[in-house]
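Dumped work-v3.txt below, it's compact mmCIF, C-alpha atoms:
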# COMPACT_ATOMS: atom_id res chain seq x y z
CA MET A 8 0.00 0.00 0.00
CA PHE A 9 1.09 3.55 -0.62
CA LYS A 10 1.44 5.34 2.58
CA ARG A 11 1.35 9.06 2.62
CA SER A 12 4.06 10.39 4.77
CA SER A 13 2.41 12.50 7.42
CA ASN A 14 5.29 14.88 7.89
CA LYS A 15 5.41 15.94 4.26
CA LYS A 16 5.42 19.74 3.93
CA SER A 17 3.02 21.33 1.48
CA PRO A 18 5.07 22.74 -1.40
CA GLU A 19 5.40 26.51 -1.50
CA ILE A 20 4.14 28.42 -4.49
CA PRO A 21 7.06 30.17 -6.15
CA THR A 22 6.37 33.90 -6.05
CA ALA A 23 9.61 35.08 -7.60
CA ALA A 24 7.92 35.77 -10.94
CA LEU A 25 5.08 37.76 -9.39
CA PRO A 26 6.80 41.18 -9.61
CA ASP A 27 7.47 40.57 -13.30
CA ILE A 28 3.84 39.76 -13.98
CA ILE A 29 2.67 42.84 -12.11
CA PHE A 30 5.18 44.99 -13.97
CA ILE A 31 3.91 43.73 -17.29
CA LEU A 32 0.36 44.63 -16.22
CA LEU A 33 1.60 48.03 -15.08
CA PHE A 34 3.32 48.76 -18.40
CA PHE A 35 0.23 47.60 -20.28
CA PHE A 36 -1.90 50.12 -18.41
CA MET A 37 0.66 52.89 -18.73
CA VAL A 38 0.74 52.45 -22.49
CA THR A 39 -2.99 52.04 -23.16
CA VAL A 40 -4.39 54.82 -21.04
CA THR A 41 -4.07 58.57 -21.11
CA PRO A 42 -5.00 61.03 -18.40
CA LYS A 43 -8.56 62.27 -18.47
CA PRO A 44 -8.61 65.11 -21.01
CA VAL A 45 -11.10 67.31 -19.23
CA GLU A 46 -12.74 67.39 -15.87
CA GLU A 47 -16.36 66.31 -15.88
CA MET A 48 -18.69 69.14 -14.98
CA VAL A 49 -21.70 68.05 -16.97
CA ASP A 50 -23.69 64.85 -16.86
CA ALA A 51 -23.97 63.56 -20.40
CA SER A 52 -24.87 59.94 -21.08
CA ILE A 53 -23.96 59.66 -24.72
CA PRO A 54 -26.12 57.56 -27.04
CA THR A 55 -25.05 54.13 -28.21
CA GLU A 56 -24.69 53.28 -31.86
CA GLU A 57 -23.59 50.34 -33.93
CA ARG A 58 -20.41 50.29 -35.99
CA LEU A 59 -18.74 53.57 -35.14
CA ARG A 60 -15.58 55.13 -36.41
CA LYS A 61 -12.67 55.65 -34.06
CA PHE A 62 -11.05 59.05 -34.06
CA ASP A 63 -7.60 60.15 -33.09
CA ILE A 64 -7.23 63.80 -34.04
CA LYS A 65 -4.64 66.14 -32.63
CA ASP A 66 -6.25 69.59 -32.75
CA LYS A 67 -9.48 69.08 -30.90
CA ILE A 68 -11.83 70.79 -28.54
CA TYR A 69 -13.82 68.85 -26.01
CA MET A 70 -17.36 70.02 -25.58
CA THR A 71 -19.97 68.41 -23.37
CA VAL A 72 -23.62 69.33 -23.33
CA GLY A 73 -25.98 68.11 -20.68
CA LYS A 74 -27.31 68.71 -17.21
CA PRO A 75 -24.81 70.39 -14.89
CA LEU A 76 -23.43 68.26 -12.08
CA ASN A 77 -23.34 71.32 -9.87
CA LYS A 78 -26.93 71.58 -8.63
CA ALA A 79 -26.59 75.34 -8.14
CA LEU A 80 -26.60 75.78 -11.91
CA GLY A 81 -30.09 74.36 -12.26
CA THR A 82 -31.28 71.46 -14.37
CA GLU A 83 -31.35 73.02 -17.82
CA PRO A 84 -28.67 71.73 -20.22
CA VAL A 85 -25.41 73.70 -20.13
CA ILE A 86 -22.38 73.73 -22.41
CA GLN A 87 -18.96 72.76 -21.13
CA PHE A 88 -16.11 74.00 -23.32
CA GLN A 89 -12.87 72.28 -22.32
CA ASN A 90 -12.80 73.01 -18.58
CA GLU A 91 -15.31 75.82 -18.24
CA ILE A 92 -19.03 76.25 -18.53
CA ILE A 93 -20.05 78.83 -21.09
CA THR A 94 -23.17 80.05 -22.80
CA LEU A 95 -24.07 79.58 -26.45
CA ALA A 96 -23.07 83.10 -27.46
CA GLN A 97 -19.63 82.73 -25.85
CA ILE A 98 -18.58 79.88 -28.14
CA PRO A 99 -16.83 82.01 -30.82
CA ARG A 100 -14.83 83.88 -28.19
CA ALA A 101 -13.92 80.64 -26.43
CA VAL A 102 -12.74 79.11 -29.72
CA ASP A 103 -10.65 82.20 -30.44
CA ASN A 104 -9.21 82.08 -26.95
CA PHE A 105 -8.41 78.38 -27.39
CA ARG A 106 -6.55 79.06 -30.63
CA GLN A 107 -4.50 81.82 -29.00
CA THR A 108 -3.57 80.07 -25.78
CA LYS A 109 -3.66 76.31 -26.33
CA MET A 110 -2.24 76.02 -29.84
CA ASP A 111 1.26 76.94 -30.94
CA ALA A 112 1.77 79.41 -33.75
CA ALA A 113 2.51 76.73 -36.34
CA SER A 114 -0.78 74.91 -35.97
CA ARG A 115 -2.98 77.90 -35.16
CA ASN A 116 -4.48 78.03 -38.63
CA LYS A 117 -5.17 74.31 -38.80
CA GLN A 118 -8.70 72.99 -38.88
CA LEU A 119 -10.07 72.34 -35.44
CA THR A 120 -12.29 69.40 -34.66
CA VAL A 121 -14.92 69.46 -31.97
CA TYR A 122 -15.46 66.33 -29.94
CA LEU A 123 -19.08 66.91 -29.10
CA LYS A 124 -20.44 64.87 -26.24
CA CYS A 125 -24.17 65.38 -26.01
CA ASP A 126 -26.65 63.81 -23.67
CA ALA A 127 -28.90 61.35 -25.50
CA LYS A 128 -32.02 63.14 -24.31
CA LEU A 129 -31.08 66.57 -25.68
CA LEU A 130 -33.21 68.21 -28.31
CA VAL A 131 -31.68 68.58 -31.77
CA GLY A 132 -32.47 72.30 -31.77
CA LEU A 133 -29.78 73.01 -29.18
CA VAL A 134 -27.22 70.92 -31.06
CA THR A 135 -28.03 72.83 -34.26
CA ASP A 136 -27.58 76.15 -32.44
CA ILE A 137 -24.17 75.02 -31.20
CA GLU A 138 -23.20 74.00 -34.73
CA GLU A 139 -24.26 77.41 -36.03
CA GLN A 140 -21.96 79.05 -33.49
CA PHE A 141 -19.04 76.87 -34.55
CA LYS A 142 -19.72 77.57 -38.21
CA SER A 143 -19.58 81.30 -37.55
CA CYS A 144 -16.03 81.00 -36.23
CA GLY A 145 -14.66 78.67 -38.86
CA VAL A 146 -14.92 75.29 -37.16
CA TYR A 147 -16.57 72.86 -39.50
CA ARG A 148 -15.59 69.45 -38.24
CA ILE A 149 -17.77 67.94 -35.57
CA ILE A 150 -17.62 64.47 -34.11
CA TYR A 151 -20.68 63.32 -32.26
CA LEU A 152 -19.15 61.10 -29.62
CA SER A 153 -21.06 57.91 -29.13
CA GLU A 154 -20.50 54.56 -27.51
CA LYS A 155 -20.49 51.21 -29.24
CA ASP A 156 -23.72 49.33 -28.89
CA SER A 157 -22.85 46.06 -27.21
CA LYS A 158 -25.96 44.29 -28.49
CA SER A 159 -25.19 44.58 -32.19
CA MET B 1 45.21 36.56 1.61
CA ILE B 2 41.49 36.71 2.13
CA LYS B 3 39.53 34.10 0.29
CA LYS B 4 36.32 35.24 -1.31
CA LYS B 5 35.52 32.07 -3.18
CA ASP B 6 33.07 30.40 -0.86
CA ARG B 7 30.98 33.42 -0.08
CA ALA B 8 27.54 33.40 -1.70
CA ALA B 9 26.41 36.55 -3.48
CA GLY B 10 24.01 38.59 -1.36
CA GLU B 11 20.42 38.36 -2.62
CA VAL B 12 18.24 41.39 -2.91
CA ASN B 13 14.93 40.88 -1.26
CA ALA B 14 12.49 41.36 -4.13
CA SER B 15 9.30 40.27 -2.44
CA SER B 16 8.13 43.83 -1.80
CA MET B 17 8.66 44.71 -5.45
CA ALA B 18 5.27 43.21 -6.26
CA ASP B 19 3.63 45.45 -3.67
CA ILE B 20 5.29 48.57 -5.08
CA ALA B 21 4.26 47.64 -8.60
CA PHE B 22 0.72 46.97 -7.40
CA LEU B 23 0.51 50.42 -5.86
CA LEU B 24 1.71 52.03 -9.09
CA LEU B 25 -0.76 49.94 -11.07
CA ILE B 26 -3.68 50.99 -8.90
CA PHE B 27 -2.59 54.62 -9.11
CA PHE B 28 -2.61 54.48 -12.91
CA ILE B 29 -5.97 52.72 -13.10
CA ILE B 30 -7.59 55.37 -10.90
CA THR B 31 -6.11 58.48 -12.51
CA SER B 32 -6.68 57.56 -16.13
CA SER B 33 -9.33 56.53 -18.56
CA ILE B 34 -9.02 54.40 -21.65
CA VAL B 35 -9.14 56.48 -24.82
CA ASN B 36 -12.54 55.77 -26.26
CA ASP B 37 -13.24 58.42 -28.82
CA THR B 38 -15.69 56.75 -31.13
CA GLY B 39 -18.44 58.58 -32.88
CA VAL B 40 -20.02 59.91 -36.02
CA LYS B 41 -18.21 62.58 -37.97
CA MET B 42 -20.12 65.44 -39.45
CA THR B 43 -18.72 68.16 -41.65
CA LEU B 44 -20.71 71.35 -41.47
CA PRO B 45 -21.37 73.37 -44.61
CA ILE B 46 -19.18 76.44 -45.00
CA LEU B 47 -21.05 79.69 -44.42
CA GLN B 48 -21.63 81.36 -47.75
CA GLU B 49 -24.34 82.66 -49.98
CA PRO B 50 -26.46 79.70 -51.05
CA VAL B 51 -25.74 78.82 -54.64
CA PRO B 52 -28.74 77.46 -56.49
CA VAL B 53 -27.84 74.02 -57.80
CA GLU B 54 -29.60 72.44 -60.72
CA THR B 55 -30.74 69.15 -59.31
CA ASP B 56 -33.32 66.86 -60.70
CA GLN B 57 -36.03 66.35 -58.10
CA ARG B 58 -35.77 62.58 -58.44
CA ASP B 59 -32.09 62.64 -57.41
CA VAL B 60 -32.96 64.09 -54.03
CA CYS B 61 -33.92 61.73 -51.24
CA MET B 62 -35.70 63.78 -48.64
CA VAL B 63 -35.60 62.34 -45.13
CA ILE B 64 -37.79 64.26 -42.74
CA MET B 65 -37.79 63.55 -39.01
CA ASN B 66 -40.48 64.86 -36.71
CA SER B 67 -40.16 65.57 -33.02
CA ASP B 68 -41.23 62.02 -32.14
CA GLY B 69 -38.36 60.57 -34.14
CA ASN B 70 -40.60 59.21 -36.88
CA LEU B 71 -39.32 59.34 -40.41
CA LEU B 72 -40.90 60.38 -43.66
CA VAL B 73 -38.72 59.25 -46.53
CA GLU B 74 -39.74 60.19 -50.07
CA ASP B 75 -43.21 61.04 -48.75
CA GLU B 76 -43.66 57.60 -47.22
CA PRO B 77 -43.32 56.72 -43.53
CA LEU B 78 -40.33 54.46 -42.93
CA GLU B 79 -38.92 52.69 -39.90
CA VAL B 80 -35.45 53.79 -38.82
CA ASN B 81 -33.96 50.30 -39.15
CA ARG B 82 -35.11 50.13 -42.77
CA LEU B 83 -33.51 53.46 -43.65
CA LYS B 84 -30.05 52.07 -44.47
CA PRO B 85 -31.23 49.53 -47.10
CA PHE B 86 -33.54 52.14 -48.58
CA VAL B 87 -30.76 54.71 -48.93
CA LYS B 88 -28.54 52.09 -50.56
CA THR B 89 -31.16 51.12 -53.15
CA PHE B 90 -31.98 54.78 -53.74
CA ILE B 91 -28.36 55.68 -54.53
CA MET B 92 -27.69 52.58 -56.65
CA ASN B 93 -30.99 52.89 -58.54
CA LYS B 94 -29.22 54.05 -61.72
CA GLY B 95 -32.45 55.13 -63.32
CA GLN B 96 -34.34 51.85 -62.93
CA ASN B 97 -37.12 53.16 -60.75
CA PRO B 98 -38.43 56.36 -62.35
CA ILE B 99 -38.89 58.18 -59.05
CA TRP B 100 -35.44 57.41 -57.59
CA SER B 101 -31.95 58.62 -58.46
CA THR B 102 -30.55 58.56 -61.99
CA SER B 103 -26.95 57.79 -61.01
CA PRO B 104 -24.93 57.35 -57.80
CA LYS B 105 -22.94 60.46 -58.65
CA LYS B 106 -26.01 62.64 -58.66
CA ALA B 107 -27.92 61.09 -55.76
CA LEU B 108 -28.34 63.41 -52.83
CA ILE B 109 -29.61 62.61 -49.36
CA VAL B 110 -31.11 65.49 -47.43
CA LEU B 111 -32.03 65.17 -43.78
CA LYS B 112 -34.44 67.66 -42.39
CA GLN B 113 -35.21 67.35 -38.73
CA SER B 114 -37.54 69.07 -36.35
CA ARG B 115 -35.90 71.14 -33.62
CA GLY B 116 -37.80 69.17 -31.04
CA ALA B 117 -36.45 65.81 -32.18
CA ASN B 118 -34.36 63.77 -29.80
CA TYR B 119 -30.59 63.92 -30.23
CA LYS B 120 -30.38 60.14 -29.92
CA ASP B 121 -32.79 59.63 -32.83
CA TYR B 122 -31.00 62.24 -34.89
CA LEU B 123 -27.65 60.55 -34.34
CA LYS B 124 -29.14 57.18 -35.25
CA VAL B 125 -30.46 58.50 -38.58
CA THR B 126 -27.17 60.27 -39.36
CA ASN B 127 -25.21 57.14 -38.59
CA GLN B 128 -27.53 54.93 -40.65
CA ILE B 129 -27.11 57.15 -43.71
CA GLN B 130 -23.35 57.29 -43.23
CA GLN B 131 -23.21 53.51 -42.83
CA ALA B 132 -25.16 53.13 -46.08
CA TYR B 133 -22.38 54.98 -47.88
CA PHE B 134 -19.70 52.93 -46.17
CA GLU B 135 -21.43 49.72 -47.23
CA LEU B 136 -21.66 50.92 -50.82
CA TRP B 137 -17.98 51.86 -50.83
CA SER B 138 -17.02 48.52 -49.33
CA GLY B 139 -18.80 46.85 -52.26
CA LEU B 140 -16.58 48.76 -54.67
CA VAL B 141 -13.29 47.89 -53.07
CA GLY B 142 -13.97 44.40 -51.75
CA VAL B 143 -13.26 44.92 -48.05
CA SER B 144 -15.91 44.57 -45.40
CA ALA B 145 -17.72 47.69 -44.24
CA GLU B 146 -16.34 47.05 -40.75
CA THR B 147 -12.79 47.31 -42.04
CA LEU B 148 -13.59 50.38 -44.06
CA VAL B 149 -15.10 52.11 -41.05
CA SER B 150 -12.03 51.32 -38.95
CA TRP B 151 -9.64 52.98 -41.41
CA ASP B 152 -7.74 55.74 -39.68
CA VAL B 153 -8.06 58.23 -42.54
CA GLU B 154 -7.07 61.18 -40.36
CA ASN B 155 -3.55 59.92 -39.77
CA ASN B 156 -2.89 57.65 -42.74
CA GLU B 157 -2.53 59.34 -46.11
CA GLY B 158 -2.57 56.16 -48.13
CA LEU B 159 -5.94 55.09 -46.74
CA SER B 160 -7.23 58.63 -47.03
CA ARG B 161 -6.41 58.65 -50.74
CA GLN B 162 -8.06 55.27 -51.21
CA LEU B 163 -11.23 56.52 -49.58
CA ASP B 164 -11.16 59.62 -51.76
CA LYS B 165 -11.06 57.37 -54.82
CA LEU B 166 -14.16 55.56 -53.58
CA ARG B 167 -15.79 58.90 -52.93
CA ASP B 168 -15.15 59.84 -56.54
CA GLN B 169 -17.24 56.91 -57.66
CA ILE B 170 -20.02 57.33 -55.12
CA PRO B 171 -19.79 60.86 -53.74
CA TYR B 172 -20.83 61.43 -50.17
CA ASN B 173 -23.74 63.73 -50.88
CA PHE B 174 -25.41 63.95 -47.54
CA SER B 175 -26.54 67.23 -46.13
CA VAL B 176 -28.53 68.30 -43.14
CA ALA B 177 -30.98 70.99 -44.04
CA GLN B 178 -31.20 74.02 -41.85
CA ILE B 179 -34.27 74.07 -39.70
CA LYS B 180 -36.33 77.14 -40.10
CA LYS B 181 -37.12 78.69 -36.75

Could you render the structure from this file as structure tokens?
Amino acid sequence: MFKRSSNKKSPEIPTAALPDIIFILLFFFMVTVTPKPVEEMVDASIPTEERLRKFDIKDKIYMTVGKPLNKALGTEPVIQFQNEIITLAQIPRAVDNFRQTKMDAASRNKQLTVYLKCDAKLLVGLVTDIEEQFKSCGVYRIIYLSEKDSKS
Amino acid sequence: MIKKKDRAAGEVNASSMADIAFLLLIFFIITSSIVNDTGVKMTLPILQEPVPVETDQRDVCMVIMNSDGNLLVEDEPLEVNRLKPFVKTFIMNKGQNPIWSTSPKKALIVLKQSRGANYKDYLKVTNQIQQAYFELWSGLVGVSAETLVSWDVENNEGLSRQLDKLRDQIPYNFSVAQIKK
């Protein structure tokens, strides 16, 4: 009969490779992620769509439209331009300001692209008004940010 | 003489390395977000005096959306999920059906939406029409529409030129009509 020796020690799991594994994970995350581009001041749950294009454009403006997270600002949709909340009429000035301060002289005349993040429940009228403002200051490229629909 | 031979090399205690790496990992996960900029691109018309264009009425596909998100396409009500196939057949009609487009080069899709329509519905319609074009282009070049959509045309000139060639054959004539207030 095979007798199990009672004083046999349970073998230890080798943990020498653990730091390496963790480091690989760490590097993976460092490479794939970027810091959050703008602070979230507006609650916008963007609509989902099937088969979307992925965009990686250098000269871009982040704009979010939706209900303000700060309750003091009410519940009507507000416009967040980069890191500030502005009104519709202030868009051309904000774009101009952005060109002067955030872009270097070489790329100042390049086409800007707006990454527009709108709440799914917004009315189209407001979005059209925003587009009109952008048109008036020479910004013609808009990307309606949307999430991939997991069902399709 | 002092003999060094038998002395074992001192080992660095590396067990806490995992903990340090873990801390760094958690720090990065919390402070960052994965780049997820997917969406629908729209190019706005340049502000200028409207130039009257000679267009045959049958080349224009009028898509009208009311504030409930319902569609009226070529004077007939149409469900949103049937819009893409309709747009494709409209563009590729090539004169077969007397009330649809005469050639893909002349076909024009016009979306007119009510100001009170939902942004979600509007985006859906815009995306469906854009997807219709992508599917038509993919038929020309022999790659799947999925691949065509994933082309990074902003940063790759070769792909950008290829897409322009496809656009020469079936031009992307999609415009959003201004809503009268």

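Taking atom CA of A:Ser17 and atom CA of B:Glu11 as the two end points, the separation is 24.7 Å.
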
Tell me, as a list in words, which residues lie within 8 Å of B:Met65, counting all atoms listed in the file; anything in the same chain fewer than 4 positions away does not count.
Gly69, Asn70, Leu71, Leu72, Leu111, Lys112, Gln113, Ser114 and Ala117 of chain B

Using only C-alpha atoms, which chain B residues lie at most 7 Å away from chain A, written as an MDAnalysis selection string?
chainID B and resid 17:18 21:22 25 28 31:35 37:44 46:47 115:120 124 149:150 154

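Ranking A:Ala101, A:Pro18, A:Lys109, A:Gln87 by their shortest atom-to-atom distance to A:Pro75, with only C-alpha atoms included, puts A:Gln87 first.
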
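For the pair atom CA of B:Gly158 and atom CA of A:Gln118, the separation is 20.2 Å.
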
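The spacing separating atom CA of B:Asp59 from atom CA of B:Asp75 amounts to 14.2 Å.
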
Box for stretch 134-142 of chain B: with edges along x, y and z, all listed atoms inside and 5 Å added on each side, what are the centre and edge lengths in Å to one decimal, as JSON?
{"center_x": -17.5, "center_y": 48.7, "center_z": -50.4, "size_x": 18.4, "size_y": 18.5, "size_z": 18.5}

Sphere at (-29.3, 71.1, -18.9), radius 9 Å, counting all atoms listed in the file: residues as a ChimeraX atom specification
/A:49-50,72-75,80-86,129

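Using all atoms listed in the file, the shortest contact distance between A:Ile98 and any of A:Val45, A:Ala51, A:Ile20, A:Met70 is found at A:Met70.
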
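Closest to A:Arg115 among A:Ser52, A:Asp66, A:Ala79, A:Asp156 is A:Asp66, based on all atoms listed in the file.
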
Complete stretch 115-135 of chain A at the level of N, CA, C and O atoms, written as a PDB file, keeping the file's coordinate frame.
ATOM      1  N   ARG A 115      -1.841  77.056 -35.516  1.00  0.00           N
ATOM      2  CA  ARG A 115      -2.980  77.900 -35.160  1.00  0.00           C
ATOM      3  C   ARG A 115      -4.020  77.983 -36.280  1.00  0.00           C
ATOM      4  O   ARG A 115      -5.204  78.120 -36.030  1.00  0.00           O
ATOM      5  N   ASN A 116      -3.535  77.895 -37.514  1.00  0.00           N
ATOM      6  CA  ASN A 116      -4.480  78.030 -38.630  1.00  0.00           C
ATOM      7  C   ASN A 116      -5.034  76.697 -39.104  1.00  0.00           C
ATOM      8  O   ASN A 116      -5.772  76.645 -40.073  1.00  0.00           O
ATOM      9  N   LYS A 117      -4.658  75.627 -38.411  1.00  0.00           N
ATOM     10  CA  LYS A 117      -5.170  74.310 -38.800  1.00  0.00           C
ATOM     11  C   LYS A 117      -6.647  74.184 -38.454  1.00  0.00           C
ATOM     12  O   LYS A 117      -7.152  74.868 -37.580  1.00  0.00           O
ATOM     13  N   GLN A 118      -7.291  73.266 -39.149  1.00  0.00           N
ATOM     14  CA  GLN A 118      -8.700  72.990 -38.880  1.00  0.00           C
ATOM     15  C   GLN A 118      -8.839  72.383 -37.481  1.00  0.00           C
ATOM     16  O   GLN A 118      -8.103  71.485 -37.115  1.00  0.00           O
ATOM     17  N   LEU A 119      -9.777  72.900 -36.760  1.00  0.00           N
ATOM     18  CA  LEU A 119     -10.070  72.340 -35.440  1.00  0.00           C
ATOM     19  C   LEU A 119     -11.212  71.336 -35.574  1.00  0.00           C
ATOM     20  O   LEU A 119     -12.057  71.448 -36.452  1.00  0.00           O
ATOM     21  N   THR A 120     -11.192  70.356 -34.692  1.00  0.00           N
ATOM     22  CA  THR A 120     -12.290  69.400 -34.660  1.00  0.00           C
ATOM     23  C   THR A 120     -12.919  69.443 -33.279  1.00  0.00           C
ATOM     24  O   THR A 120     -12.211  69.497 -32.282  1.00  0.00           O
ATOM     25  N   VAL A 121     -14.219  69.438 -33.243  1.00  0.00           N
ATOM     26  CA  VAL A 121     -14.920  69.460 -31.970  1.00  0.00           C
ATOM     27  C   VAL A 121     -15.347  68.048 -31.626  1.00  0.00           C
ATOM     28  O   VAL A 121     -15.980  67.372 -32.433  1.00  0.00           O
ATOM     29  N   TYR A 122     -14.950  67.588 -30.459  1.00  0.00           N
ATOM     30  CA  TYR A 122     -15.460  66.330 -29.940  1.00  0.00           C
ATOM     31  C   TYR A 122     -16.698  66.676 -29.117  1.00  0.00           C
ATOM     32  O   TYR A 122     -16.600  67.137 -27.997  1.00  0.00           O
ATOM     33  N   LEU A 123     -17.835  66.476 -29.716  1.00  0.00           N
ATOM     34  CA  LEU A 123     -19.080  66.910 -29.100  1.00  0.00           C
ATOM     35  C   LEU A 123     -19.729  65.727 -28.370  1.00  0.00           C
ATOM     36  O   LEU A 123     -20.071  64.719 -28.975  1.00  0.00           O
ATOM     37  N   LYS A 124     -19.858  65.917 -27.073  1.00  0.00           N
ATOM     38  CA  LYS A 124     -20.440  64.870 -26.240  1.00  0.00           C
ATOM     39  C   LYS A 124     -21.783  65.377 -25.763  1.00  0.00           C
ATOM     40  O   LYS A 124     -21.847  66.261 -24.915  1.00  0.00           O
ATOM     41  N   CYS A 125     -22.841  64.884 -26.359  1.00  0.00           N
ATOM     42  CA  CYS A 125     -24.170  65.380 -26.010  1.00  0.00           C
ATOM     43  C   CYS A 125     -24.961  64.304 -25.302  1.00  0.00           C
ATOM     44  O   CYS A 125     -24.879  63.129 -25.637  1.00  0.00           O
ATOM     45  N   ASP A 126     -25.756  64.728 -24.359  1.00  0.00           N
ATOM     46  CA  ASP A 126     -26.650  63.810 -23.670  1.00  0.00           C
ATOM     47  C   ASP A 126     -27.680  63.280 -24.668  1.00  0.00           C
ATOM     48  O   ASP A 126     -28.175  64.016 -25.523  1.00  0.00           O
ATOM     49  N   ALA A 127     -27.991  61.989 -24.539  1.00  0.00           N
ATOM     50  CA  ALA A 127     -28.900  61.350 -25.500  1.00  0.00           C
ATOM     51  C   ALA A 127     -30.275  61.994 -25.517  1.00  0.00           C
ATOM     52  O   ALA A 127     -30.972  61.962 -26.527  1.00  0.00           O
ATOM     53  N   LYS A 128     -30.664  62.604 -24.393  1.00  0.00           N
ATOM     54  CA  LYS A 128     -32.020  63.140 -24.310  1.00  0.00           C
ATOM     55  C   LYS A 128     -32.129  64.594 -24.776  1.00  0.00           C
ATOM     56  O   LYS A 128     -33.210  65.177 -24.731  1.00  0.00           O
ATOM     57  N   LEU A 129     -31.039  65.171 -25.210  1.00  0.00           N
ATOM     58  CA  LEU A 129     -31.080  66.570 -25.680  1.00  0.00           C
ATOM     59  C   LEU A 129     -31.988  66.712 -26.888  1.00  0.00           C
ATOM     60  O   LEU A 129     -32.222  65.764 -27.620  1.00  0.00           O
ATOM     61  N   LEU A 130     -32.439  67.938 -27.102  1.00  0.00           N
ATOM     62  CA  LEU A 130     -33.210  68.210 -28.310  1.00  0.00           C
ATOM     63  C   LEU A 130     -32.243  68.657 -29.413  1.00  0.00           C
ATOM     64  O   LEU A 130     -31.243  69.332 -29.154  1.00  0.00           O
ATOM     65  N   VAL A 131     -32.569  68.289 -30.637  1.00  0.00           N
ATOM     66  CA  VAL A 131     -31.680  68.580 -31.770  1.00  0.00           C
ATOM     67  C   VAL A 131     -31.497  70.090 -31.939  1.00  0.00           C
ATOM     68  O   VAL A 131     -30.432  70.546 -32.345  1.00  0.00           O
ATOM     69  N   GLY A 132     -32.547  70.858 -31.601  1.00  0.00           N
ATOM     70  CA  GLY A 132     -32.470  72.300 -31.770  1.00  0.00           C
ATOM     71  C   GLY A 132     -31.241  72.907 -31.120  1.00  0.00           C
ATOM     72  O   GLY A 132     -30.546  73.721 -31.728  1.00  0.00           O
ATOM     73  N   LEU A 133     -30.942  72.475 -29.894  1.00  0.00           N
ATOM     74  CA  LEU A 133     -29.780  73.010 -29.180  1.00  0.00           C
ATOM     75  C   LEU A 133     -28.482  72.632 -29.894  1.00  0.00           C
ATOM     76  O   LEU A 133     -27.567  73.448 -30.041  1.00  0.00           O
ATOM     77  N   VAL A 134     -28.425  71.387 -30.360  1.00  0.00           N
ATOM     78  CA  VAL A 134     -27.220  70.920 -31.060  1.00  0.00           C
ATOM     79  C   VAL A 134     -27.022  71.742 -32.341  1.00  0.00           C
ATOM     80  O   VAL A 134     -25.900  72.131 -32.674  1.00  0.00           O
ATOM     81  N   THR A 135     -28.119  72.027 -33.038  1.00  0.00           N
ATOM     82  CA  THR A 135     -28.030  72.830 -34.260  1.00  0.00           C
ATOM     83  C   THR A 135     -27.533  74.244 -33.938  1.00  0.00           C
ATOM     84  O   THR A 135     -26.707  74.792 -34.669  1.00  0.00           O
TER      85      THR A 135
END
